[in-house]
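One file, upload-v9.cif, is given below (mmCIF, C-alpha atoms).
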data_entry
#
loop_
_atom_site.group_PDB
_atom_site.id
_atom_site.type_symbol
_atom_site.label_atom_id
_atom_site.label_comp_id
_atom_site.auth_asym_id
_atom_site.auth_seq_id
_atom_site.Cartn_x
_atom_site.Cartn_y
_atom_site.Cartn_z
ATOM 1 C CA MET A 1 23.933 -27.606 43.927
ATOM 2 C CA THR A 2 25.951 -29.123 41.162
ATOM 3 C CA GLN A 3 29.044 -31.110 40.620
ATOM 4 C CA LEU A 4 30.669 -28.131 38.987
ATOM 5 C CA LEU A 5 30.334 -25.964 42.057
ATOM 6 C CA ASN A 6 31.295 -28.720 44.437
ATOM 7 C CA ARG A 7 34.447 -29.507 42.626
ATOM 8 C CA ARG A 8 35.680 -26.055 41.769
ATOM 9 C CA ASN A 9 34.147 -23.853 44.293
ATOM 10 C CA ASN A 10 35.480 -20.538 43.171
ATOM 11 C CA LEU A 11 34.501 -17.811 40.832
ATOM 12 C CA ILE A 12 37.658 -17.860 38.745
ATOM 13 C CA ASN A 13 36.916 -21.287 37.401
ATOM 14 C CA LYS A 14 33.315 -20.412 36.689
ATOM 15 C CA ILE A 15 33.859 -17.203 34.769
ATOM 16 C CA PRO A 16 35.280 -18.751 31.571
ATOM 17 C CA TYR A 17 32.340 -21.132 31.323
ATOM 18 C CA LEU A 18 29.819 -18.368 31.819
ATOM 19 C CA GLY A 19 31.662 -16.349 29.185
ATOM 20 C CA VAL A 20 31.453 -19.222 26.746
ATOM 21 C CA PHE A 21 27.752 -19.691 27.460
ATOM 22 C CA THR A 22 27.088 -15.975 27.047
ATOM 23 C CA ALA A 23 28.947 -15.977 23.744
ATOM 24 C CA GLY A 24 26.994 -19.049 22.643
ATOM 25 C CA ALA A 25 23.712 -17.408 23.586
ATOM 26 C CA ILE A 26 24.629 -14.255 21.649
ATOM 27 C CA ILE A 27 25.546 -16.312 18.598
ATOM 28 C CA LEU A 28 22.226 -18.163 18.803
ATOM 29 C CA SER A 29 20.373 -14.832 19.060
ATOM 30 C CA TYR A 30 22.202 -13.658 15.988
ATOM 31 C CA ILE A 31 21.335 -16.860 14.130
ATOM 32 C CA GLU A 32 17.727 -16.265 15.039
ATOM 33 C CA THR A 33 17.770 -12.756 13.645
ATOM 34 C CA ILE A 34 19.223 -13.886 10.308
ATOM 35 C CA ILE A 35 17.110 -17.048 10.031
ATOM 36 C CA PRO A 36 13.824 -15.931 11.510
ATOM 37 C CA PHE A 37 12.267 -19.400 11.955
ATOM 38 C CA TYR A 38 9.072 -17.955 10.614
ATOM 39 C CA PHE A 39 5.932 -19.857 11.510
ATOM 40 C CA GLY A 40 3.571 -17.577 9.627
ATOM 41 C CA ILE A 41 2.719 -15.531 12.696
ATOM 42 C CA PRO A 42 4.697 -12.428 13.661
ATOM 43 C CA GLY A 43 6.265 -12.717 17.091
ATOM 44 C CA VAL A 44 6.544 -16.487 17.066
ATOM 45 C CA LYS A 45 10.161 -17.472 17.452
ATOM 46 C CA LEU A 46 11.960 -20.691 18.205
ATOM 47 C CA GLY A 47 13.816 -19.172 21.141
ATOM 48 C CA LEU A 48 17.080 -20.952 20.498
ATOM 49 C CA THR A 49 18.922 -18.855 23.083
ATOM 50 C CA ASN A 50 16.826 -20.420 25.769
ATOM 51 C CA ILE A 51 18.804 -23.626 25.332
ATOM 52 C CA MET A 52 21.892 -21.883 26.732
ATOM 53 C CA ILE A 53 19.933 -20.468 29.639
ATOM 54 C CA LEU A 54 18.456 -23.905 30.369
ATOM 55 C CA ILE A 55 21.879 -25.509 30.377
ATOM 56 C CA ILE A 56 23.255 -22.939 32.825
ATOM 57 C CA LEU A 57 20.151 -23.222 34.987
ATOM 58 C CA TYR A 58 20.676 -26.955 35.271
ATOM 59 C CA LEU A 59 24.460 -26.931 35.546
ATOM 60 C CA THR A 60 25.436 -23.998 37.735
ATOM 61 C CA GLY A 61 22.221 -22.512 39.057
ATOM 62 C CA THR A 62 19.721 -19.684 38.992
ATOM 63 C CA LYS A 63 22.060 -16.776 39.753
ATOM 64 C CA ASP A 64 24.406 -17.588 36.900
ATOM 65 C CA ALA A 65 21.476 -18.096 34.551
ATOM 66 C CA PHE A 66 20.175 -14.627 35.429
ATOM 67 C CA LEU A 67 23.587 -13.081 34.947
ATOM 68 C CA VAL A 68 24.122 -14.678 31.529
ATOM 69 C CA SER A 69 20.572 -13.988 30.404
ATOM 70 C CA ILE A 70 20.666 -10.290 31.235
ATOM 71 C CA VAL A 71 24.149 -9.750 29.806
ATOM 72 C CA ARG A 72 23.067 -11.616 26.678
ATOM 73 C CA ILE A 73 19.881 -9.557 26.262
ATOM 74 C CA ILE A 74 21.605 -6.217 26.753
ATOM 75 C CA LEU A 75 24.445 -7.074 24.372
ATOM 76 C CA THR A 76 22.202 -8.463 21.634
ATOM 77 C CA GLY A 77 19.839 -5.551 22.168
ATOM 78 C CA PHE A 78 22.622 -3.096 21.363
ATOM 79 C CA LEU A 79 24.148 -5.226 18.631
ATOM 80 C CA PHE A 80 21.243 -6.424 16.533
ATOM 81 C CA THR A 81 18.005 -4.704 17.544
ATOM 82 C CA ASN A 82 16.513 -1.501 18.878
ATOM 83 C CA PHE A 83 15.395 -0.164 22.229
ATOM 84 C CA TYR A 84 11.883 -1.578 22.099
ATOM 85 C CA SER A 85 13.098 -5.024 21.204
ATOM 86 C CA LEU A 86 15.477 -4.777 24.154
ATOM 87 C CA LEU A 87 12.553 -3.947 26.420
ATOM 88 C CA TYR A 88 10.530 -6.888 25.136
ATOM 89 C CA SER A 89 13.446 -9.282 25.412
ATOM 90 C CA LEU A 90 14.286 -8.125 28.917
ATOM 91 C CA ALA A 91 10.715 -8.620 30.134
ATOM 92 C CA GLY A 92 10.400 -11.981 28.428
ATOM 93 C CA GLY A 93 13.813 -13.190 29.540
ATOM 94 C CA ILE A 94 13.466 -12.213 33.203
ATOM 95 C CA VAL A 95 9.896 -13.469 33.654
ATOM 96 C CA SER A 96 10.558 -16.764 31.904
ATOM 97 C CA LEU A 97 13.717 -17.317 33.940
ATOM 98 C CA ILE A 98 11.909 -16.628 37.226
ATOM 99 C CA VAL A 99 9.198 -19.135 36.290
ATOM 100 C CA MET A 100 11.720 -21.716 35.101
ATOM 101 C CA SER A 101 13.841 -21.517 38.238
ATOM 102 C CA LEU A 102 10.767 -21.760 40.466
ATOM 103 C CA LEU A 103 9.464 -24.804 38.592
ATOM 104 C CA LYS A 104 12.879 -26.426 38.635
ATOM 105 C CA ARG A 105 13.115 -25.877 42.380
ATOM 106 C CA THR A 106 9.904 -27.867 42.975
ATOM 107 C CA ASN A 107 11.604 -30.917 41.432
ATOM 108 C CA ARG A 108 8.269 -32.020 40.077
ATOM 109 C CA PHE A 109 8.882 -31.237 36.440
ATOM 110 C CA SER A 110 11.408 -32.521 33.966
ATOM 111 C CA ILE A 111 13.527 -30.145 31.933
ATOM 112 C CA ILE A 112 10.874 -30.277 29.186
ATOM 113 C CA GLY A 113 8.106 -29.019 31.473
ATOM 114 C CA VAL A 114 10.404 -26.298 32.802
ATOM 115 C CA SER A 115 11.252 -25.227 29.261
ATOM 116 C CA VAL A 116 7.597 -25.188 28.191
ATOM 117 C CA ALA A 117 6.677 -22.946 31.117
ATOM 118 C CA GLY A 118 9.601 -20.691 30.252
ATOM 119 C CA GLY A 119 8.481 -20.419 26.638
ATOM 120 C CA ILE A 120 4.917 -19.548 27.595
ATOM 121 C CA PHE A 121 5.830 -16.933 30.162
ATOM 122 C CA HIS A 122 8.376 -15.437 27.803
ATOM 123 C CA ASN A 123 5.562 -14.777 25.337
ATOM 124 C CA ALA A 124 3.048 -13.709 27.971
ATOM 125 C CA ALA A 125 5.443 -11.120 29.402
ATOM 126 C CA GLN A 126 6.103 -9.722 25.950
ATOM 127 C CA ILE A 127 2.395 -9.369 25.263
ATOM 128 C CA LEU A 128 2.012 -7.548 28.563
ATOM 129 C CA ILE A 129 4.754 -5.080 27.625
ATOM 130 C CA ALA A 130 3.198 -4.690 24.175
ATOM 131 C CA ILE A 131 -0.139 -3.803 25.797
ATOM 132 C CA PHE A 132 1.570 -0.977 27.687
ATOM 133 C CA VAL A 133 3.662 0.216 24.754
ATOM 134 C CA VAL A 134 0.842 0.216 22.197
ATOM 135 C CA GLU A 135 -1.653 1.236 24.888
ATOM 136 C CA THR A 136 -4.384 -1.128 23.888
ATOM 137 C CA ALA A 137 -5.619 -4.352 25.383
ATOM 138 C CA SER A 138 -6.901 -5.720 22.117
ATOM 139 C CA ILE A 139 -3.583 -7.341 21.180
ATOM 140 C CA ALA A 140 -4.370 -9.792 23.962
ATOM 141 C CA TYR A 141 -6.247 -11.706 21.273
ATOM 142 C CA TYR A 142 -2.782 -12.816 20.292
ATOM 143 C CA LEU A 143 -2.183 -14.540 23.590
ATOM 144 C CA PRO A 144 -3.710 -17.971 22.800
ATOM 145 C CA ILE A 145 -1.600 -18.208 19.650
ATOM 146 C CA LEU A 146 1.531 -17.271 21.534
ATOM 147 C CA ILE A 147 0.698 -19.680 24.365
ATOM 148 C CA ILE A 148 0.392 -22.544 21.906
ATOM 149 C CA SER A 149 3.589 -21.514 20.161
ATOM 150 C CA GLY A 150 5.273 -21.287 23.566
ATOM 151 C CA VAL A 151 4.254 -24.862 24.299
ATOM 152 C CA VAL A 152 5.556 -26.139 20.979
ATOM 153 C CA THR A 153 8.867 -24.274 20.955
ATOM 154 C CA GLY A 154 9.302 -24.905 24.686
ATOM 155 C CA MET A 155 8.961 -28.629 24.100
ATOM 156 C CA LEU A 156 11.491 -28.570 21.263
ATOM 157 C CA ILE A 157 14.005 -26.633 23.355
ATOM 158 C CA GLY A 158 13.293 -28.845 26.362
ATOM 159 C CA ILE A 159 13.985 -32.011 24.396
ATOM 160 C CA LEU A 160 17.200 -30.446 23.117
ATOM 161 C CA GLY A 161 18.116 -29.535 26.686
ATOM 162 C CA LYS A 162 17.449 -33.045 27.911
ATOM 163 C CA ILE A 163 19.973 -34.303 25.388
ATOM 164 C CA LEU A 164 22.535 -31.530 25.883
ATOM 165 C CA VAL A 165 22.641 -30.999 29.662
ATOM 166 C CA PRO A 166 24.237 -34.369 30.543
ATOM 167 C CA ARG A 167 26.728 -34.001 27.706
ATOM 168 C CA VAL A 168 27.812 -30.488 28.617
ATOM 169 C CA ARG A 169 28.047 -31.543 32.248
ATOM 170 C CA ALA A 170 30.334 -34.415 31.251
ATOM 171 C CA VAL A 171 32.629 -32.002 29.423
ATOM 172 C CA ILE A 172 32.775 -29.396 32.181
ATOM 173 C CA VAL A 173 33.257 -31.730 35.115
ATOM 174 C CA ARG A 174 35.874 -33.823 33.410
ATOM 175 C CA MET B 1 8.771 -36.457 30.312
ATOM 176 C CA LYS B 2 7.171 -36.662 33.709
ATOM 177 C CA LYS B 3 3.438 -36.882 34.297
ATOM 178 C CA ASN B 4 3.485 -33.381 35.761
ATOM 179 C CA ASP B 5 4.836 -32.047 32.494
ATOM 180 C CA TRP B 6 1.799 -33.324 30.662
ATOM 181 C CA ILE B 7 -0.546 -31.923 33.303
ATOM 182 C CA LEU B 8 1.178 -28.550 32.965
ATOM 183 C CA ILE B 9 0.971 -28.563 29.177
ATOM 184 C CA ILE B 10 -2.653 -29.664 29.025
ATOM 185 C CA THR B 11 -3.735 -27.128 31.667
ATOM 186 C CA ILE B 12 -2.027 -24.339 29.780
ATOM 187 C CA LEU B 13 -3.582 -25.359 26.469
ATOM 188 C CA LEU B 14 -7.001 -25.454 28.146
ATOM 189 C CA ILE B 15 -6.472 -21.933 29.496
ATOM 190 C CA ALA B 16 -5.532 -20.800 25.999
ATOM 191 C CA ALA B 17 -8.650 -22.424 24.554
ATOM 192 C CA ILE B 18 -10.929 -20.823 27.165
ATOM 193 C CA PHE B 19 -9.308 -17.440 26.624
ATOM 194 C CA TRP B 20 -9.777 -17.826 22.890
ATOM 195 C CA LEU B 21 -13.451 -18.768 23.280
ATOM 196 C CA ILE B 22 -14.219 -15.868 25.611
ATOM 197 C CA HIS B 23 -12.469 -13.526 23.258
ATOM 198 C CA THR B 24 -14.206 -14.632 20.071
ATOM 199 C CA LYS B 25 -17.623 -14.858 21.720
ATOM 200 C CA PHE B 26 -17.707 -11.678 23.775
ATOM 201 C CA LEU B 27 -14.815 -9.330 23.276
ATOM 202 C CA GLN B 28 -14.305 -9.121 19.548
ATOM 203 C CA ASP B 29 -15.133 -5.787 17.981
ATOM 204 C CA GLU B 30 -17.892 -5.547 15.440
ATOM 205 C CA GLY B 31 -16.512 -5.087 11.957
ATOM 206 C CA SER B 32 -17.494 -2.113 9.839
ATOM 207 C CA TYR B 33 -16.052 -2.917 6.418
ATOM 208 C CA VAL B 34 -14.419 -5.716 4.471
ATOM 209 C CA THR B 35 -11.373 -5.584 2.260
ATOM 210 C CA ILE B 36 -10.856 -7.917 -0.668
ATOM 211 C CA SER B 37 -7.292 -8.819 -1.531
ATOM 212 C CA VAL B 38 -6.065 -10.802 -4.483
ATOM 213 C CA ASP B 39 -2.508 -12.093 -4.407
ATOM 214 C CA GLY B 40 -1.735 -9.942 -1.374
ATOM 215 C CA LYS B 41 -2.998 -6.652 -2.833
ATOM 216 C CA VAL B 42 -6.146 -4.986 -1.590
ATOM 217 C CA ILE B 43 -8.338 -4.397 -4.615
ATOM 218 C CA HIS B 44 -11.697 -3.456 -3.117
ATOM 219 C CA GLN B 45 -13.323 -2.312 0.058
ATOM 220 C CA TYR B 46 -17.001 -2.589 0.906
ATOM 221 C CA SER B 47 -19.005 -1.440 3.884
ATOM 222 C CA LEU B 48 -20.767 -4.194 5.785
ATOM 223 C CA GLU B 49 -23.868 -1.997 5.916
ATOM 224 C CA ASP B 50 -24.465 -2.231 2.181
ATOM 225 C CA ASP B 51 -25.949 -5.300 0.576
ATOM 226 C CA ILE B 52 -23.739 -6.319 -2.309
ATOM 227 C CA ASP B 53 -23.184 -9.265 -4.598
ATOM 228 C CA VAL B 54 -19.865 -9.155 -6.478
ATOM 229 C CA GLU B 55 -17.677 -11.427 -8.491
ATOM 230 C CA ILE B 56 -13.986 -11.325 -7.641
ATOM 231 C CA LYS B 57 -11.386 -12.236 -10.204
ATOM 232 C CA GLY B 58 -8.674 -14.208 -8.464
ATOM 233 C CA VAL B 59 -5.439 -15.535 -9.937
ATOM 234 C CA ASN B 60 -5.441 -18.276 -12.614
ATOM 235 C CA GLU B 61 -8.887 -17.262 -13.858
ATOM 236 C CA GLY B 62 -10.359 -18.004 -10.472
ATOM 237 C CA ILE B 63 -13.715 -16.439 -9.764
ATOM 238 C CA ASN B 64 -15.279 -16.058 -6.331
ATOM 239 C CA ARG B 65 -18.705 -14.638 -5.612
ATOM 240 C CA LEU B 66 -18.993 -12.597 -2.431
ATOM 241 C CA VAL B 67 -22.291 -11.553 -0.917
ATOM 242 C CA ILE B 68 -22.775 -9.082 1.924
ATOM 243 C CA LYS B 69 -26.183 -9.233 3.507
ATOM 244 C CA ASN B 70 -27.488 -8.217 6.946
ATOM 245 C CA GLY B 71 -24.021 -7.033 7.942
ATOM 246 C CA LYS B 72 -22.352 -10.371 7.224
ATOM 247 C CA ALA B 73 -20.013 -11.318 4.412
ATOM 248 C CA LYS B 74 -20.111 -14.755 2.875
ATOM 249 C CA MET B 75 -18.519 -16.442 -0.096
ATOM 250 C CA ILE B 76 -21.399 -18.101 -1.895
ATOM 251 C CA ASP B 77 -19.655 -19.517 -4.939
ATOM 252 C CA ALA B 78 -16.187 -20.228 -6.239
ATOM 253 C CA ASN B 79 -14.713 -22.121 -9.144
ATOM 254 C CA CYS B 80 -11.835 -23.539 -7.133
ATOM 255 C CA PRO B 81 -11.700 -27.323 -6.744
ATOM 256 C CA ASP B 82 -12.029 -27.663 -2.974
ATOM 257 C CA LYS B 83 -14.575 -24.889 -2.284
ATOM 258 C CA LEU B 84 -13.290 -24.530 1.273
ATOM 259 C CA CYS B 85 -14.083 -20.831 1.210
ATOM 260 C CA VAL B 86 -17.693 -21.484 0.308
ATOM 261 C CA HIS B 87 -18.041 -23.777 3.307
ATOM 262 C CA GLN B 88 -16.721 -21.180 5.743
ATOM 263 C CA LYS B 89 -19.308 -19.428 7.857
ATOM 264 C CA ALA B 90 -20.357 -15.837 7.263
ATOM 265 C CA ILE B 91 -18.033 -13.294 8.853
ATOM 266 C CA SER B 92 -18.828 -9.981 10.520
ATOM 267 C CA LYS B 93 -16.397 -9.486 13.421
ATOM 268 C CA ASP B 94 -13.138 -7.565 13.357
ATOM 269 C CA LYS B 95 -10.156 -9.510 11.929
ATOM 270 C CA GLU B 96 -12.222 -12.459 10.735
ATOM 271 C CA THR B 97 -11.227 -13.739 7.332
ATOM 272 C CA ILE B 98 -12.372 -15.956 4.518
ATOM 273 C CA VAL B 99 -9.513 -17.292 2.447
ATOM 274 C CA CYS B 100 -9.615 -18.962 -0.946
ATOM 275 C CA LEU B 101 -6.116 -20.346 -1.363
ATOM 276 C CA PRO B 102 -6.248 -21.586 -4.974
ATOM 277 C CA ASN B 103 -7.499 -18.218 -6.228
ATOM 278 C CA LYS B 104 -5.431 -16.256 -3.675
ATOM 279 C CA VAL B 105 -8.468 -14.299 -2.594
ATOM 280 C CA VAL B 106 -8.674 -13.045 0.986
ATOM 281 C CA ILE B 107 -11.717 -11.342 2.473
ATOM 282 C CA GLU B 108 -10.991 -9.622 5.757
ATOM 283 C CA VAL B 109 -13.287 -7.757 8.120
ATOM 284 C CA HIS B 110 -11.989 -4.611 9.761
ATOM 285 C CA ALA B 111 -13.267 -2.532 12.638
ATOM 286 C CA LYS B 112 -13.700 1.180 12.187
ATOM 287 C CA GLU B 113 -10.284 2.405 13.281
ATOM 288 C CA GLU B 114 -7.358 0.871 11.507
ATOM 289 C CA GLN B 115 -4.519 0.333 13.956
ATOM 290 C CA GLU B 116 -1.116 -0.586 12.680
ATOM 291 C CA TYR B 117 0.418 -2.709 15.403
ATOM 292 C CA ASP B 118 2.806 -4.325 13.034
ATOM 293 C CA ALA B 119 4.808 -1.146 12.782
ATOM 294 C CA VAL B 120 5.689 -1.258 16.468
ATOM 295 C CA VAL B 121 6.338 -4.897 17.266
ATOM 296 C CA LYS B 122 9.220 -6.122 15.198
#

Just give me the structure of the file as structure tokens.
Amino acid sequence: MTQLLNRRNNLINKIPYLGVFTAGAIILSYIETIIPFYFGIPGVKLGLTNIMILIILYLTGTKDAFLVSIVRIILTGFLFTNFYSLLYSLAGGIVSLIVMSLLKRTNRFSIIGVSVAGGIFHNAAQILIAIFVVETASIAYYLPILIISGVVTGMLIGILGKILVPRVRAVIVR
Amino acid sequence: MKKNDWILIITILLIAAIFWLIHTKFLQDEGSYVTISVDGKVIHQYSLEDDIDVEIKGVNEGINRLVIKNGKAKMIDANCPDKLCVHQKAISKDKETIVCLPNKVVIEVHAKEEQEYDAVVK
């Protein structure tokens, strides 16, 4: 799957890296809570943490990405936010990761396309949860705005990922 | 970026646009009243059923003239330089707004029941 796994095919060597990525993702979540890259619309976020998830997805694979993502969401949920935010994050994180790993597996999209799809489905899943929590379908009017914001932030994160993935790979596989 | 990326992005944006159109054309609730805010504070509230013609004092001696007729609210005059608000179409559906930035005047239509979503989604 990757050079990393081929070269050091055991869990012990992988764990420290996943720990570092999880810590990085948590730090990025924290940065996002203190600097809420505010685009004038509530709910629109840059999704910086997704860069960590993208890197893991491309370097060590889907399973590790899921592991890091869920650990990250639960820890940040308890550290910085409340139960409902945890619910939203969990839905958004899992759905976007499923979509990203499926798209990546087709090999037809670059990391930017994968990231864009992840951003959109992250937002769509959160809207869906919001519809159940608030028990009204009328917040769906928000969806087009969040889709467009998902495209924009997804592209930004994807471009960042395109730059970072080869570099991180070079460091890890050294 | 690969070609497929662009196809993906454009398809998704088209879906968003279609969704938006369907929503604004067919699903939006009828408004029942308008609120007038100046500098972020709601100063007046008028029912869309009444015909009114009021002058609103905005910031920096700005004056906007709002008319409600046949259930629709429209800004018919303003002393701001660009007059963007005057050019906006009449509003009558829930959550539609007319904004006059220089005078910081915002007219917003509301449906009958006020629902505070913002309290739940943080």

Padding of 4 Å on every side, edges along x, y and z, all listed atoms of stretch 109-112 of chain B included: what centre and edge lengths in Å, to one decimal, does that box have, as lines of an AutoDock Vina configuration file?
center_x = -12.8
center_y = -3.3
center_z = 10.4
size_x = 9.7
size_y = 16.9
size_z = 12.5

- Once the PyMOL selection byres ((chain B) within 7 of (chain A)) has been applied to the shown file, what residues remain in the selection, as a list of chain:residue names? B:Met1, B:Lys2, B:Asn4, B:Asp5, B:Ile9, B:Leu13, B:Ala16, B:Ala17, B:Phe19, B:Trp20, B:His23

- Item | Minimum-distance residue to A:Gly47, chosen among A:Phe83, A:Val168, A:Ala23, A:Ser29 (using only C-alpha atoms) |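 Under the stated criterion, the closest residue is A:Ser29.
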
- Query: Rounded to one decimal in Å, what is the spacing between atom CA of A:Leu48 and atom CA of A:Leu28?
  - Reply: 6.1 Å

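Within a radius of 6 Å around (18.4, -24.6, 38.9), the polymer residues are A:Leu57, A:Tyr58, A:Gly61, A:Thr62, A:Ser101, A:Lys104, counting only C-alpha atoms.
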
- Query: Between atom CA of B:Asn64 and atom CA of B:Val105, what is the spacing in Å?
  - Reply: 8.0 Å

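Going from atom CA of B:Gly71 to atom CA of B:Glu49 covers 5.4 Å.
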
- Polymer residues at most 12 Å from B:Ala111, all atoms listed in the file, same-chain spacing of 6 or more positions, as a PyMOL selection string: (chain A and resi 138) or (chain B and resi 28-35+47-48+92-96)

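The smallest atom-to-atom distance between A:Gly93 and any of A:Gly77, A:Asn50, A:Lys63, A:Arg105, using only C-alpha atoms, is found for A:Asn50.
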
- Spell out the residues picked by the PyMOL selection byres ((chain B and resi 63) around 10) here, as a list of chain:residue names. B:Glu55, B:Ile56, B:Lys57, B:Gly58, B:Val59, B:Asn60, B:Glu61, B:Gly62, B:Asn64, B:Arg65, B:Leu66, B:Asp77, B:Ala78, B:Asn79, B:Cys80, B:Asn103, B:Val105

- Using only C-alpha atoms, which of B:Lys104, B:Lys25, B:Lys74, B:Lys41 sits nearest B:His87?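 Using only C-alpha atoms, B:His87 sits closest to B:Lys74.
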
- Written as a list in words, which residues does the PyMOL selection byres ((chain A and resi 164) around 12) give for the file shown?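 That expression, the PyMOL selection byres ((chain A and resi 164) around 12), corresponds here to Ile51, Met52, Ile53, Leu54, Ile55, Ile56, Tyr58, Leu59, Ile111, Ile157, Gly158, Ile159, Leu160, Gly161, Lys162, Ile163, Val165, Pro166, Arg167, Val168, Arg169, Ala170 and Val171 of chain A.
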